[in-house]
Each structure stands twice: as structure tokens, then as C-alpha cells.
file start_22.cif (mmCIF, C-alpha atoms)
data_entry
loop_
_atom_site.label_atom_id
_atom_site.label_comp_id
_atom_site.auth_asym_id
_atom_site.auth_seq_id
_atom_site.Cartn_x
_atom_site.Cartn_y
_atom_site.Cartn_z
CA MET Q 15 67.67 120.11 209.86
CA ILE Q 16 63.88 119.73 209.62
CA ASP Q 17 62.40 120.27 206.16
CA LEU Q 18 59.42 122.57 206.73
CA SER Q 19 58.57 123.03 203.08
CA ARG Q 20 56.69 119.73 202.89
CA GLN Q 21 54.42 120.77 205.75
CA TYR Q 22 53.73 124.18 204.22
CA GLN Q 23 52.95 122.55 200.88
CA LEU Q 24 50.03 120.82 202.60
CA PHE Q 25 48.51 124.30 202.98
CA GLY Q 26 49.14 125.22 199.35
CA ILE Q 27 52.06 127.52 200.14
CA SER Q 28 54.68 127.61 197.41
CA GLU Q 29 58.42 127.34 197.94
CA GLU Q 30 58.79 130.95 196.73
CA VAL Q 31 56.39 132.30 199.36
CA LEU Q 32 58.00 130.21 202.10
CA ALA Q 33 61.51 131.31 201.08
CA TYR Q 34 60.38 134.94 201.12
CA GLY Q 35 58.94 134.47 204.61
CA GLU Q 36 62.17 132.90 205.87
CA GLN Q 37 64.16 135.79 204.44
CA ILE Q 38 61.93 138.23 206.35
CA LEU Q 39 62.26 136.21 209.55
CA ASP Q 40 66.05 136.26 209.37
CA SER Q 41 65.92 140.06 209.49
CA LEU Q 42 63.66 140.13 212.57
CA GLN Q 43 65.68 138.24 215.16
CA ASP Q 44 66.67 141.34 217.13
CA ARG Q 45 63.06 142.63 217.11
CA PHE Q 46 61.78 139.29 218.33
CA ARG Q 47 64.38 139.18 221.09
CA THR Q 48 63.12 142.53 222.40
CA ILE Q 49 59.52 141.28 222.31
CA ASP Q 50 60.56 138.20 224.30
CA GLU Q 51 62.23 140.39 226.93
CA THR Q 52 59.01 142.37 227.38
CA ALA Q 53 57.07 139.10 227.67
CA GLU Q 54 59.46 137.86 230.33
CA TYR Q 55 59.08 141.09 232.31
CA ASN Q 56 55.29 140.90 232.14
CA GLN Q 57 55.26 137.19 232.94
CA LEU Q 58 57.13 137.89 236.15
CA LYS Q 59 54.73 140.76 236.90
CA VAL Q 60 51.72 138.44 236.58
CA ILE Q 61 53.27 135.69 238.71
CA HIS Q 62 54.24 138.21 241.39
CA ALA Q 63 50.68 139.56 241.46
CA MET Q 64 49.25 136.05 241.82
CA GLN Q 65 51.63 135.29 244.67
CA ALA Q 66 51.02 138.64 246.40
CA CYS Q 67 47.25 138.02 246.29
CA SER Q 68 47.60 134.44 247.60
CA VAL Q 69 46.01 132.66 244.66
CA SER Q 70 45.17 129.14 245.82
CA GLU Q 71 43.63 126.02 244.32
CA ALA Q 72 40.35 127.01 245.95
CA CYS Q 73 40.35 130.17 243.79
CA LEU Q 74 39.94 128.04 240.68
CA LEU Q 75 36.53 126.78 241.79
CA GLY Q 76 33.35 128.60 240.80
CA THR Q 77 30.12 129.60 242.47
CA THR Q 78 26.49 129.54 241.38
CA GLY Q 79 23.40 131.52 242.24
CA TYR Q 80 24.12 134.88 243.83
CA GLY Q 81 27.85 134.26 244.04
CA TYR Q 82 28.23 135.60 247.56
CA ASN Q 83 31.74 135.33 249.04
CA ASP Q 84 33.26 134.05 245.78
CA LEU Q 85 36.90 133.68 246.79
CA GLY Q 86 38.21 133.09 243.28
CA ARG Q 87 36.31 136.03 241.75
CA ASP Q 88 37.37 138.47 244.46
CA THR Q 89 40.98 137.30 244.44
CA LEU Q 90 41.18 137.57 240.65
CA GLU Q 91 40.00 141.18 240.87
CA ASN Q 92 42.73 141.83 243.40
CA VAL Q 93 45.26 140.29 241.01
CA TYR Q 94 44.15 142.61 238.21
CA ALA Q 95 44.35 145.62 240.54
CA HIS Q 96 47.86 144.54 241.51
CA ILE Q 97 48.98 144.18 237.87
CA PHE Q 98 47.45 147.51 236.83
CA HIS Q 99 48.54 149.26 240.07
CA THR Q 100 45.02 150.45 240.78
CA GLU Q 101 42.78 150.70 243.81
CA ALA Q 102 40.23 148.23 242.47
CA ALA Q 103 39.18 146.12 239.51
CA LEU Q 104 36.01 144.54 238.17
CA VAL Q 105 36.65 141.30 236.23
CA ARG Q 106 33.49 139.43 235.35
CA PRO Q 107 32.05 136.90 232.90
CA GLN Q 108 28.86 138.97 233.03
CA ILE Q 109 30.74 141.63 231.02
CA THR Q 110 30.08 140.20 227.58
CA CYS Q 111 32.68 141.96 225.41
CA GLY Q 112 34.97 144.96 225.10
CA THR Q 113 32.17 147.25 223.91
CA HIS Q 114 30.07 146.21 226.90
CA ALA Q 115 32.97 146.93 229.28
CA LEU Q 116 33.44 150.39 227.77
CA ALA Q 117 29.70 151.13 227.81
CA LEU Q 118 29.56 150.01 231.43
CA ALA Q 119 32.44 152.28 232.43
CA LEU Q 120 30.89 155.25 230.61
CA MET Q 121 27.28 154.80 231.66
CA SER Q 122 28.17 154.26 235.31
CA ASN Q 123 30.40 157.31 235.64
CA LEU Q 124 28.43 159.85 233.58
CA ARG Q 125 25.20 161.54 234.59
CA PRO Q 126 22.59 163.56 232.67
CA GLY Q 127 24.03 166.96 231.82
CA ASP Q 128 27.62 165.67 231.70
CA GLU Q 129 29.73 165.77 228.57
CA LEU Q 130 32.03 163.07 227.19
CA LEU Q 131 35.10 164.16 225.23
CA SER Q 132 37.30 162.13 222.90
CA PRO Q 133 40.57 164.01 222.32
CA VAL Q 134 41.84 161.39 219.87
CA GLY Q 135 39.18 161.61 217.19
CA LYS Q 136 36.48 159.18 216.20
CA PRO Q 137 35.96 156.19 218.53
CA TYR Q 138 35.67 152.59 217.40
CA ASP Q 139 32.55 151.89 215.34
CA THR Q 140 30.64 149.94 217.99
CA LEU Q 141 30.97 152.84 220.46
CA GLU Q 142 29.18 155.21 218.11
CA GLU Q 143 25.82 153.73 219.08
CA VAL Q 144 26.79 153.60 222.77
CA ILE Q 145 27.53 157.33 222.67
CA GLY Q 146 24.66 158.22 220.32
CA ILE Q 147 26.74 159.46 217.39
CA ARG Q 148 24.55 157.03 215.49
CA PRO Q 149 21.08 156.89 217.08
CA SER Q 150 20.46 153.77 219.14
CA LYS Q 151 18.22 152.62 221.97
CA GLY Q 152 19.69 153.38 225.40
CA SER Q 153 22.58 155.52 224.17
CA LEU Q 154 24.29 158.13 226.33
CA LYS Q 155 22.62 160.78 224.20
CA GLU Q 156 19.18 159.46 225.18
CA TYR Q 157 20.13 160.06 228.82
CA GLY Q 158 21.12 163.67 228.22
CA ILE Q 159 24.87 163.11 228.04
CA SER Q 160 26.49 165.17 225.30
CA TYR Q 161 29.59 164.32 223.29
CA ARG Q 162 32.29 166.14 221.44
CA GLN Q 163 35.57 165.11 219.90
CA VAL Q 164 38.84 166.71 218.89
CA ASP Q 165 40.51 165.06 215.93
CA LEU Q 166 44.19 164.29 215.83
CA LEU Q 167 46.31 166.61 213.71
CA ALA Q 168 47.38 165.52 210.24
CA ASP Q 169 50.68 164.15 211.55
CA GLY Q 170 48.90 162.07 214.23
CA SER Q 171 49.80 164.38 217.11
CA PHE Q 172 47.36 165.74 219.70
CA ASP Q 173 45.60 169.03 219.00
CA TYR Q 174 46.33 170.48 222.43
CA GLU Q 175 44.80 173.88 221.64
CA GLY Q 176 41.64 172.23 220.37
CA ILE Q 177 41.46 169.95 223.42
CA LYS Q 178 41.86 172.86 225.83
CA ALA Q 179 39.12 174.78 224.03
CA ALA Q 180 36.79 171.74 224.09
CA ILE Q 181 37.06 171.12 227.84
CA ASN Q 182 34.31 173.01 229.68
CA GLU Q 183 32.32 172.95 232.91
CA LYS Q 184 30.25 170.01 231.64
CA THR Q 185 33.23 167.83 230.70
CA ARG Q 186 33.10 164.92 233.11
CA LEU Q 187 34.97 162.12 231.37
CA ILE Q 188 37.69 161.87 228.72
CA THR Q 189 37.85 158.67 226.66
CA ILE Q 190 41.17 157.77 225.05
CA GLN Q 191 41.26 154.92 222.57
CA ARG Q 192 44.72 153.37 222.64
CA SER Q 193 44.40 151.26 219.51
CA LYS Q 194 43.59 152.52 216.04
CA GLY Q 195 40.22 150.82 215.47
CA TYR Q 196 39.20 150.89 211.81
CA GLN Q 197 41.52 153.79 211.13
CA THR Q 198 45.05 154.00 209.84
CA ARG Q 199 46.27 156.38 212.55
CA PRO Q 200 49.14 155.38 214.84
CA THR Q 201 48.34 153.44 217.98
CA LEU Q 202 49.06 155.48 221.10
CA SER Q 203 52.00 154.45 223.27
CA VAL Q 204 51.50 154.41 227.03
CA ALA Q 205 53.97 157.31 227.28
CA ARG Q 206 51.91 159.42 224.84
CA ILE Q 207 48.73 158.55 226.72
CA GLY Q 208 50.42 159.74 229.90
CA GLU Q 209 51.35 163.06 228.27
CA LEU Q 210 47.76 163.56 227.12
CA ILE Q 211 46.34 162.73 230.55
CA ALA Q 212 48.77 165.13 232.27
CA PHE Q 213 47.68 167.91 229.90
CA VAL Q 214 43.97 167.21 230.41
CA LYS Q 215 44.39 167.13 234.20
CA SER Q 216 46.26 170.46 234.08
CA VAL Q 217 43.20 171.99 232.39
CA LYS Q 218 40.58 170.27 234.58
CA PRO Q 219 42.00 168.22 237.48
CA ASP Q 220 38.74 166.50 238.42
CA VAL Q 221 37.99 165.05 234.98
CA ILE Q 222 37.93 161.24 234.75
CA CYS Q 223 40.38 159.84 232.18
CA MET Q 224 39.36 156.44 230.80
CA VAL Q 225 41.54 154.44 228.40
CA ASP Q 226 40.13 151.88 225.99
CA ASN Q 227 42.99 149.43 226.48
CA CYS Q 228 41.77 146.77 224.04
CA TYR Q 229 44.61 145.04 222.12
CA GLY Q 230 47.25 146.85 224.18
CA GLU Q 231 47.64 144.84 227.38
CA PHE Q 232 51.14 143.40 227.96
CA VAL Q 233 52.55 144.86 224.74
CA GLU Q 234 54.62 147.25 226.88
CA THR Q 235 55.95 146.85 230.41
CA ILE Q 236 53.56 149.50 231.74
CA GLU Q 237 49.83 150.10 231.37
CA PRO Q 238 47.83 153.35 231.07
CA THR Q 239 46.97 153.25 234.78
CA ASP Q 240 50.71 153.59 235.48
CA VAL Q 241 50.66 157.03 233.80
CA GLY Q 242 47.56 158.56 235.35
CA ALA Q 243 44.53 156.88 233.77
CA ASP Q 244 41.61 156.68 236.19
CA MET Q 245 40.29 153.60 234.40
CA ALA Q 246 41.69 151.07 231.94
CA VAL Q 247 39.05 148.96 230.21
CA GLY Q 248 39.32 145.86 228.06
CA SER Q 249 38.07 142.47 226.94
CA LEU Q 250 39.17 139.07 228.20
CA ILE Q 251 38.86 137.49 224.76
CA LYS Q 252 41.69 139.75 223.68
CA ASN Q 253 45.15 139.97 225.25
CA PRO Q 254 44.53 139.44 228.98
CA GLY Q 255 42.50 136.25 228.52
CA GLY Q 256 45.47 134.49 226.94
CA GLY Q 257 43.21 132.65 224.49
CA LEU Q 258 41.59 130.63 227.28
CA ALA Q 259 39.01 133.02 228.74
CA PRO Q 260 35.69 132.12 227.04
CA ILE Q 261 34.04 135.48 227.78
CA GLY Q 262 34.46 138.49 230.00
CA GLY Q 263 35.80 141.99 230.42
CA TYR Q 264 37.59 144.11 232.99
CA ILE Q 265 37.66 147.63 234.39
CA ALA Q 266 40.70 148.50 236.53
CA GLY Q 267 40.99 151.88 238.19
CA ARG Q 268 39.98 154.22 240.95
CA GLN Q 269 37.85 152.73 243.72
CA ASP Q 270 34.88 155.03 243.11
CA CYS Q 271 34.91 154.52 239.33
CA VAL Q 272 35.02 150.74 239.68
CA GLU Q 273 32.30 150.74 242.34
CA ASN Q 274 30.07 152.81 240.08
CA ALA Q 275 30.60 150.25 237.31
CA ALA Q 276 29.81 147.36 239.66
CA TYR Q 277 26.52 148.96 240.73
CA ARG Q 278 25.60 149.48 237.10
CA LEU Q 279 26.55 145.89 236.17
CA THR Q 280 24.42 144.33 238.92
CA SER Q 281 22.18 146.77 240.77
CA PRO Q 282 22.31 149.57 243.35
CA GLY Q 283 22.92 148.09 246.77
CA LEU Q 284 24.52 144.91 245.41
CA GLY Q 285 27.53 145.96 243.35
CA LYS Q 286 30.53 143.63 243.51
CA GLU Q 287 28.97 141.38 246.15
CA VAL Q 288 27.00 139.33 243.63
CA GLY Q 289 27.78 137.69 240.31
CA ALA Q 290 28.50 133.99 240.24
CA SER Q 291 31.71 132.96 238.47
CA LEU Q 292 30.21 129.62 237.39
CA GLY Q 293 32.94 127.45 235.84
CA VAL Q 294 35.20 130.01 234.16
CA LEU Q 295 37.66 130.99 236.89
CA SER Q 296 40.26 128.39 236.00
CA SER Q 297 40.30 129.70 232.40
CA PHE Q 298 40.49 133.29 233.63
CA TYR Q 299 43.48 132.59 235.88
CA GLN Q 300 45.36 130.36 233.48
CA GLY Q 301 44.62 132.68 230.56
CA LEU Q 302 46.01 135.62 232.52
CA PHE Q 303 49.09 133.56 233.38
CA LEU Q 304 49.68 132.83 229.68
CA ALA Q 305 48.74 136.31 228.47
CA PRO Q 306 52.25 137.86 228.32
CA THR Q 307 53.66 135.08 226.11
CA VAL Q 308 50.51 134.77 223.99
CA THR Q 309 50.55 138.54 223.43
CA ALA Q 310 54.21 138.27 222.42
CA SER Q 311 53.32 135.64 219.81
CA ALA Q 312 50.62 137.89 218.37
CA LEU Q 313 53.00 140.83 218.39
CA LYS Q 314 55.61 138.88 216.46
CA GLY Q 315 52.92 137.98 213.94
CA ALA Q 316 52.04 141.65 213.49
CA VAL Q 317 55.69 142.62 212.94
CA PHE Q 318 56.09 139.74 210.49
CA ALA Q 319 52.99 140.84 208.56
CA ALA Q 320 54.20 144.45 208.35
CA ASN Q 321 57.53 143.38 206.91
CA ILE Q 322 55.97 140.88 204.49
CA TYR Q 323 53.59 143.43 202.97
CA GLU Q 324 55.59 146.65 203.18
CA LYS Q 325 58.43 145.14 201.20
CA ILE Q 326 56.13 144.33 198.29
CA GLY Q 327 54.67 147.82 198.20
CA PHE Q 328 51.54 147.93 200.37
CA PRO Q 329 51.07 150.73 202.96
CA VAL Q 330 51.16 149.31 206.49
CA VAL Q 331 50.45 150.86 209.90
CA PRO Q 332 52.58 150.55 211.96
CA ASP Q 333 55.35 150.34 209.40
CA ALA Q 334 57.93 147.57 209.38
CA ALA Q 335 60.37 149.33 211.72
CA GLU Q 336 58.10 151.23 214.15
CA SER Q 337 57.80 150.48 217.85
CA ARG Q 338 54.63 148.59 218.80
CA HIS Q 339 51.90 149.56 221.24
CA ASP Q 340 49.15 147.08 220.34
CA ILE Q 341 48.86 143.78 218.46
CA ILE Q 342 46.97 145.13 215.43
CA GLN Q 343 48.54 145.39 211.99
CA ALA Q 344 46.77 147.42 209.30
CA VAL Q 345 47.49 146.72 205.63
CA THR Q 346 45.90 148.95 202.99
CA PHE Q 347 45.07 147.21 199.73
CA GLY Q 348 43.03 149.97 198.09
CA SER Q 349 40.39 147.53 196.85
CA PRO Q 350 37.67 145.32 198.35
CA GLU Q 351 39.18 142.30 196.59
CA GLY Q 352 42.43 142.66 198.52
CA VAL Q 353 40.69 142.87 201.89
CA ILE Q 354 38.50 139.86 201.09
CA ALA Q 355 41.38 137.74 199.78
CA PHE Q 356 43.48 138.49 202.86
CA CYS Q 357 40.67 137.52 205.24
CA GLN Q 358 39.95 134.35 203.30
CA GLY Q 359 43.63 133.43 203.57
CA ILE Q 360 43.52 133.84 207.35
CA GLN Q 361 40.40 131.68 207.57
CA ALA Q 362 42.04 128.97 205.45
CA ALA Q 363 44.91 128.80 207.97
CA ALA Q 364 42.60 128.30 210.98
CA SER Q 365 42.39 125.18 213.13
CA VAL Q 366 38.62 125.64 213.49
CA ASP Q 367 36.29 126.29 210.53
CA SER Q 368 39.13 126.37 208.01
CA PHE Q 369 36.66 125.15 205.36
CA VAL Q 370 34.47 128.26 205.76
CA THR Q 371 34.80 131.11 203.25
CA PRO Q 372 34.18 134.48 204.96
CA GLU Q 373 32.23 137.12 203.05
CA PRO Q 374 31.31 140.74 203.83
CA TRP Q 375 28.05 141.18 205.73
CA ASP Q 376 25.94 143.77 207.56
CA MET Q 377 27.34 143.23 211.05
CA PRO Q 378 25.48 144.82 214.02
CA GLY Q 379 27.18 147.96 215.32
CA TYR Q 380 28.90 148.94 212.05
CA ASP Q 381 27.83 151.46 209.40
CA SER Q 382 29.28 149.54 206.43
CA GLN Q 383 29.65 145.90 205.51
CA VAL Q 384 32.43 144.14 207.41
CA ILE Q 385 34.34 140.96 206.65
CA MET Q 386 35.67 138.94 209.57
CA ALA Q 387 37.94 135.90 209.53
CA ALA Q 388 38.38 134.00 212.77
CA GLY Q 389 38.54 130.24 213.04
CA ALA Q 390 38.77 130.40 216.81
CA PHE Q 391 38.41 128.07 219.78
CA VAL Q 392 36.63 130.98 221.50
CA SER Q 393 34.11 132.55 219.13
CA GLY Q 394 35.20 136.04 218.10
CA SER Q 395 38.41 135.93 220.10
CA SER Q 396 40.79 138.42 218.53
CA ILE Q 397 43.84 137.24 220.45
CA GLU Q 398 43.49 134.17 218.24
CA LEU Q 399 44.52 134.36 214.58
CA SER Q 400 42.01 136.72 213.00
CA ALA Q 401 41.53 139.54 210.53
CA ASP Q 402 38.72 141.89 209.67
CA GLY Q 403 37.94 145.14 207.98
CA PRO Q 404 35.16 147.35 206.66
CA ILE Q 405 34.39 147.19 202.96
CA ALA Q 406 34.94 150.92 202.57
CA PRO Q 407 37.79 153.20 201.46
CA PRO Q 408 40.73 153.04 201.91
CA TYR Q 409 40.07 149.28 201.95
CA ALA Q 410 42.42 148.35 204.76
CA VAL Q 411 42.46 145.03 206.58
CA TYR Q 412 43.25 144.72 210.28
CA PHE Q 413 45.18 141.62 211.29
CA GLN Q 414 45.69 140.50 214.87
CA GLY Q 415 46.26 137.52 217.07
CA GLY Q 416 47.97 134.18 217.00
CA LEU Q 417 48.18 132.08 220.16
CA THR Q 418 51.53 130.82 218.89
CA PHE Q 419 53.91 132.47 216.45
CA PRO Q 420 54.02 129.42 214.13
CA HIS Q 421 50.27 129.79 213.64
CA ALA Q 422 50.58 133.54 213.00
CA LYS Q 423 53.36 132.83 210.49
CA LEU Q 424 51.24 130.25 208.69
CA GLY Q 425 48.32 132.67 208.53
CA ILE Q 426 50.36 135.50 207.02
CA LEU Q 427 52.02 133.25 204.45
CA LYS Q 428 48.61 131.87 203.50
CA THR Q 429 47.25 135.40 202.96
CA LEU Q 430 50.12 136.21 200.60
CA GLN Q 431 49.66 132.95 198.73
CA ASN Q 432 45.94 133.64 198.38
CA LEU Q 433 46.57 137.13 197.01
CA ILE Q 434 49.03 135.69 194.48
CA ASP Q 435 46.65 132.90 193.47
CA LYS Q 436 43.87 135.46 192.87
CA GLY Q 437 46.13 137.69 190.78
CA ILE Q 438 45.99 140.60 193.24
CA VAL Q 439 49.72 140.33 193.94
CA SER Q 440 52.16 139.63 191.12
CA SER Q 441 53.77 136.20 191.00
CA ASP Q 442 57.05 138.17 190.87
CA PHE Q 443 56.25 139.66 194.28
CA HIS Q 444 59.72 138.85 195.66
CA LYS Q 445 61.31 141.12 193.01
CA LEU Q 446 59.20 144.16 193.98
CA LYS Q 447 60.53 147.05 196.04
#
call {"tool": "encode", "arguments": {"input": "start_22.cif", "output": "C-alpha cells"}}
result
Amino acid sequence: MIDLSRQYQLFGISEEVLAYGEQILDSLQDRFRTIDETAEYNQLKVIHAMQACSVSEACLLGTTGYGYNDLGRDTLENVYAHIFHTEAALVRPQITCGTHALALALMSNLRPGDELLSPVGKPYDTLEEVIGIRPSKGSLKEYGISYRQVDLLADGSFDYEGIKAAINEKTRLITIQRSKGYQTRPTLSVARIGELIAFVKSVKPDVICMVDNCYGEFVETIEPTDVGADMAVGSLIKNPGGGLAPIGGYIAGRQDCVENAAYRLTSPGLGKEVGASLGVLSSFYQGLFLAPTVTASALKGAVFAANIYEKIGFPVVPDAAESRHDIIQAVTFGSPEGVIAFCQGIQAAASVDSFVTPEPWDMPGYDSQVIMAAGAFVSGSSIELSADGPIAPPYAVYFQGGLTFPHAKLGILKTLQNLIDKGIVSSDFHKLK
């Protein structure tokens, strides 16, 4: 049998921390088997989509200039539409990030005088300036688009009465954030999203339902567009890029919604016909091919983290036993020192920039200082081992990613070791709870 302890010692991880981790892993074999089954299902779904859309070697080549008749770009969008069971998809390197993809979907499908409604409470921080909750140049608010939200109830359920009362003649688009963002609310399952969409459509059938699908792709066997979403929107440097996509975002949904987004991305009259793919198509295709198994690795890391920290007394969302609907694991430390020590532990486990010490800073798009740890091959890629959090109450950190489970495991063990070394967690941690 291979002696792993010597390798972990190279990272400063004690035998006690390693033994505790192995004890946790022994209890997770059934959970991991279920995750692997979902990955297998989704892997077959991706391969079938690639075959059905006749992906060829020529699709891996890029174009320059205007990008007219880009076979690989157009075929990839067909593959995404096939996977998401939608009429169309827009998958482009010109979409710079998840926030850009969401802004594009909103700005292209809303008009002055329309109203945007969030029935799941506050959106992710970077969308606040897009919407105009916090004043910003070019926001929806500047274009005469109003916004209202209905918060979740105390138990995390939907406030159906409040939602019905909020929907009015101006309500044009409903935005549903699947993941928790910088909140400690539950992530929404695809089934729950479907229930919410069905209710909204029963009140106003013509309303557009958009789902912020970031961090959720391939975690379940179905996607929000399988349960009535008119658009699912996400980033390629999260789950669907499989750790290989160097940039990009996607919008999959109704033909008219996607066309509107394409005209906004390029220009009226051009739409999807232009937009050179340059040299990224091979990474987009191969990343998508790997995405189900990469997502499974990240998901195992999140489950491992929940069990590691819950059993020594820290609040975690989701908890150690809950079903999973995204790759994010929240751990509440109750102090800035805990958040910082956790993130510094993740950074120290990275393959890239492991020697860097992350510190809180005034990051654009956020209303408080944020600390981010990500020693990534693709800058900012949160499908790679990463962690971040606002330096604000309740002082929770949000962990995600891990292209392989061994890397996710190393990162989590390193965070615990760092917390012990800094005196934030007792050296008798394994005797707690």
C-alpha cells in the first residue's frame, strides 16, 4: 500500500489532519459513488450531443476577422442547444465572464419601461451595478428599467404570495439565481426552479424566466431549461469549460431570446453571423467534453469540505448530508481571521502562485472588501481550486472547484492545517463534536 503521509508532509500537513481526512473519506464512499453515476450520465449526454451535431476535426479550427461561416463556432452552439434541450445557444469568447453573460441576457431582452423581478432575493454582488441597485454607468436603471425583488422566507422557501403580488403589467423578465452567491441560503435544485417557473408562468404566461446557472451545470442530470426556463446563462471558466476554456460565456434558450442577445453582443443586423473564434475552439470543445467529470471532482471536494468542517463545529451550507445542486460550499467562521486563514490555505495548495499570500482588497463590483484565493491555470477560473468571501458578517468563506479530487482534498486539508497553525482551530480538533 502506498504511504501518502510522506507526500502530505511536504505540504506541512500533520499526520493528525491527514488521519482525520481519511476517516471522513471512508464515510463518503456511497456519496461519491452517486456523484460518479451522475457524471457518467452527463458524460454520455455530452458525447451524444457532439455526435448528433457532427463535431469534426475541422470544428476545432478557428477563424479570424469577421468570423463568417465559422463551422466550429456554429456547431458548438448547436451542441450546447442539444445538451440544454433549447432552440438556440450563444457560446462566445467575446462574452468575457458570467456577469457579462447575465448582463447581456438582461439588457438584450428588456426595454425601457419594463420591470425585472428577482423572486429569490438579492442577486449576486456584481449584478447589483448591472441592475442599478448600486448606481453605475450603463445600468438597467439608467435605461428606464425598474427592479423589484421578493426575498425568500425565513426557512428558505419561496414567498409565493409576495411573488404573485409583485408581478404586474410591467414585469417582463424574472431572474432566478440558482447558486447562493455571497449568502448562506440553500442553492436551488432544478426541481425547485421548475416549481417556481411553473408558478410564475401561471400568473403571467408571457414573462421571460432566466436562470443564472453559474456553478450548477452538470451537478444534476437535468438543467433549468429542462423545467421551463426560457434562458440558462453561465460562464465557461466555471463548470462547462472543464478547466480548459480560457474565457467565454453562454446563453442557451428560446430562439428569440438568444437572437436578441446576439444582436446586443455584436450589433443590429449582424447578430450571430460575426465573431471570430480565434484559437479557443479546441479548448471549448475539449473542456465541455471533460466538464461532467471535472464538475464531479469539484462536487466531491465540496462534500468533503462540508464534512471536515461541520464535524468540528462550524456551520456549513449545504450541510454534510444534504443533496447538492451546485459546487459551492459555504463555511461560516464568524471572524475575518477564519476567512483569511482558509483562503490562504487554499492558495498554499495551488499549482500556480502557491507562494502568493492573498489579502482582502477593494475588488470592483463589490460593496465590501473581498479576499480571493485562486492559483489557477486560467486566471479567475472558479472550476479550479479556489475560495473567496467578503470581509463582512457573518464572515463566511465560499469554497469551490478542483479539477481533480486529489487536488481538492489537498486544498481542504491545507485549510484545516492553516487554521490549526494560526490557533483559530484547536489542536484537539479531532476530539470536537
call {"tool": "closest_residue", "arguments": {"input": "start_22.cif", "among": "Q:Asp402, Q:Asp240, Q:Asp128, Q:Glu30", "to": "Ile342 in chain Q", "atoms": "all atoms listed in the file"}}
result
Q:Asp402
call {"tool": "axis_aligned_box", "arguments": {"input": "start_22.cif", "around": "range 195-211 of chain Q", "padding_each_side": "5 Å", "output": "AutoDock Vina command-line options"}}
result
--center_x 46.6 --center_y 157.2 --center_z 220.2 --size_x 24.8 --size_y 22.7 --size_z 30.7
call {"tool": "resolve_selection", "arguments": {"input": "start_22.cif", "expression": "the PyMOL selection byres ((chain Q and resi 68-70) around 10)", "output": "short mmCIF file (atom, residue, chain, number, x, y, z; two decimals) with C-alpha atoms, keeping the file's coordinate frame"}}
result
data_model
loop_
_atom_site.label_atom_id
_atom_site.label_comp_id
_atom_site.auth_asym_id
_atom_site.auth_seq_id
_atom_site.Cartn_x
_atom_site.Cartn_y
_atom_site.Cartn_z
CA ILE Q 61 53.27 135.69 238.71
CA HIS Q 62 54.24 138.21 241.39
CA ALA Q 63 50.68 139.56 241.46
CA MET Q 64 49.25 136.05 241.82
CA GLN Q 65 51.63 135.29 244.67
CA ALA Q 66 51.02 138.64 246.40
CA CYS Q 67 47.25 138.02 246.29
CA GLU Q 71 43.63 126.02 244.32
CA ALA Q 72 40.35 127.01 245.95
CA CYS Q 73 40.35 130.17 243.79
CA LEU Q 74 39.94 128.04 240.68
CA LEU Q 75 36.53 126.78 241.79
CA LEU Q 85 36.90 133.68 246.79
CA GLY Q 86 38.21 133.09 243.28
CA THR Q 89 40.98 137.30 244.44
CA LEU Q 90 41.18 137.57 240.65
CA ASN Q 92 42.73 141.83 243.40
CA VAL Q 93 45.26 140.29 241.01
CA TYR Q 299 43.48 132.59 235.88
#
call {"tool": "residues_around", "arguments": {"input": "start_22.cif", "residues": "Thr48 in chain Q", "least_positions_apart": "3", "cutoff": "12 Å", "atoms": "all atoms listed in the file", "output": "JSON list (two decimals) with C-alpha atoms, keeping the file's coordinate frame"}}
result
[["chain", "number", "residue", "atom", "x", "y", "z"],
["Q", 42, "LEU", "CA", 63.66, 140.13, 212.57],
["Q", 43, "GLN", "CA", 65.68, 138.24, 215.16],
["Q", 44, "ASP", "CA", 66.67, 141.34, 217.13],
["Q", 45, "ARG", "CA", 63.06, 142.63, 217.11],
["Q", 51, "GLU", "CA", 62.23, 140.39, 226.93],
["Q", 52, "THR", "CA", 59.01, 142.37, 227.38],
["Q", 53, "ALA", "CA", 57.07, 139.10, 227.67],
["Q", 54, "GLU", "CA", 59.46, 137.86, 230.33],
["Q", 55, "TYR", "CA", 59.08, 141.09, 232.31],
["Q", 233, "VAL", "CA", 52.55, 144.86, 224.74],
["Q", 234, "GLU", "CA", 54.62, 147.25, 226.88],
["Q", 235, "THR", "CA", 55.95, 146.85, 230.41],
["Q", 310, "ALA", "CA", 54.21, 138.27, 222.42],
["Q", 313, "LEU", "CA", 53.00, 140.83, 218.39],
["Q", 314, "LYS", "CA", 55.61, 138.88, 216.46],
["Q", 337, "SER", "CA", 57.80, 150.48, 217.85],
["Q", 338, "ARG", "CA", 54.63, 148.59, 218.80]]
call {"tool": "residues_around", "arguments": {"input": "start_22.cif", "residues": "range 164-173 of chain Q", "least_positions_apart": "4", "cutoff": "10 Å", "atoms": "all atoms listed in the file", "output": "PyMOL selection string"}}
result
chain Q and resi 131-136+177-180+198-202+206+209-210
call {"tool": "closest_residue", "arguments": {"input": "start_22.cif", "among": "Q:Leu258, Q:Ala319, Q:Ile405, Q:Val288", "to": "Gln108 in chain Q", "atoms": "all atoms listed in the file"}}
result
Q:Val288
call {"tool": "atom_distance", "arguments": {"input": "start_22.cif", "atom1": "CA of Leu302 in chain Q", "atom2": "CA of Asn253 in chain Q"}}
result
8.5 Å
call {"tool": "closest_residue", "arguments": {"input": "start_22.cif", "among": "Q:Phe419, Q:Val353, Q:Ile49, Q:Pro404", "to": "Trp375 in chain Q", "atoms": "only C-alpha atoms"}}
result
Q:Pro404
call {"tool": "atom_distance", "arguments": {"input": "start_22.cif", "atom1": "CA of Tyr277 in chain Q", "atom2": "CA of Gly301 in chain Q"}}
result
26.4 Å
call {"tool": "atom_distance", "arguments": {"input": "start_22.cif", "atom1": "CA of Cys271 in chain Q", "atom2": "CA of His96 in chain Q"}}
result
16.5 Å
call {"tool": "residues_around", "arguments": {"input": "start_22.cif", "residues": "range 320-335 of chain Q", "least_positions_apart": "5", "cutoff": "8 Å", "atoms": "only C-alpha atoms", "output": "PDB file with C-alpha atoms, in the frame of the given file"}}
result
ATOM      1  CA  GLY Q  35      58.940 134.470 204.610  1.00  0.00           C
ATOM      2  CA  ILE Q  38      61.930 138.230 206.350  1.00  0.00           C
ATOM      3  CA  THR Q 198      45.050 154.000 209.840  1.00  0.00           C
ATOM      4  CA  ARG Q 199      46.270 156.380 212.550  1.00  0.00           C
ATOM      5  CA  PRO Q 200      49.140 155.380 214.840  1.00  0.00           C
ATOM      6  CA  THR Q 201      48.340 153.440 217.980  1.00  0.00           C
ATOM      7  CA  GLN Q 343      48.540 145.390 211.990  1.00  0.00           C
ATOM      8  CA  ALA Q 344      46.770 147.420 209.300  1.00  0.00           C
ATOM      9  CA  VAL Q 345      47.490 146.720 205.630  1.00  0.00           C
ATOM     10  CA  THR Q 346      45.900 148.950 202.990  1.00  0.00           C
ATOM     11  CA  PHE Q 347      45.070 147.210 199.730  1.00  0.00           C
ATOM     12  CA  PHE Q 443      56.250 139.660 194.280  1.00  0.00           C
ATOM     13  CA  HIS Q 444      59.720 138.850 195.660  1.00  0.00           C
ATOM     14  CA  LEU Q 446      59.200 144.160 193.980  1.00  0.00           C
ATOM     15  CA  LYS Q 447      60.530 147.050 196.040  1.00  0.00           C
TER      16      LYS Q 447
END
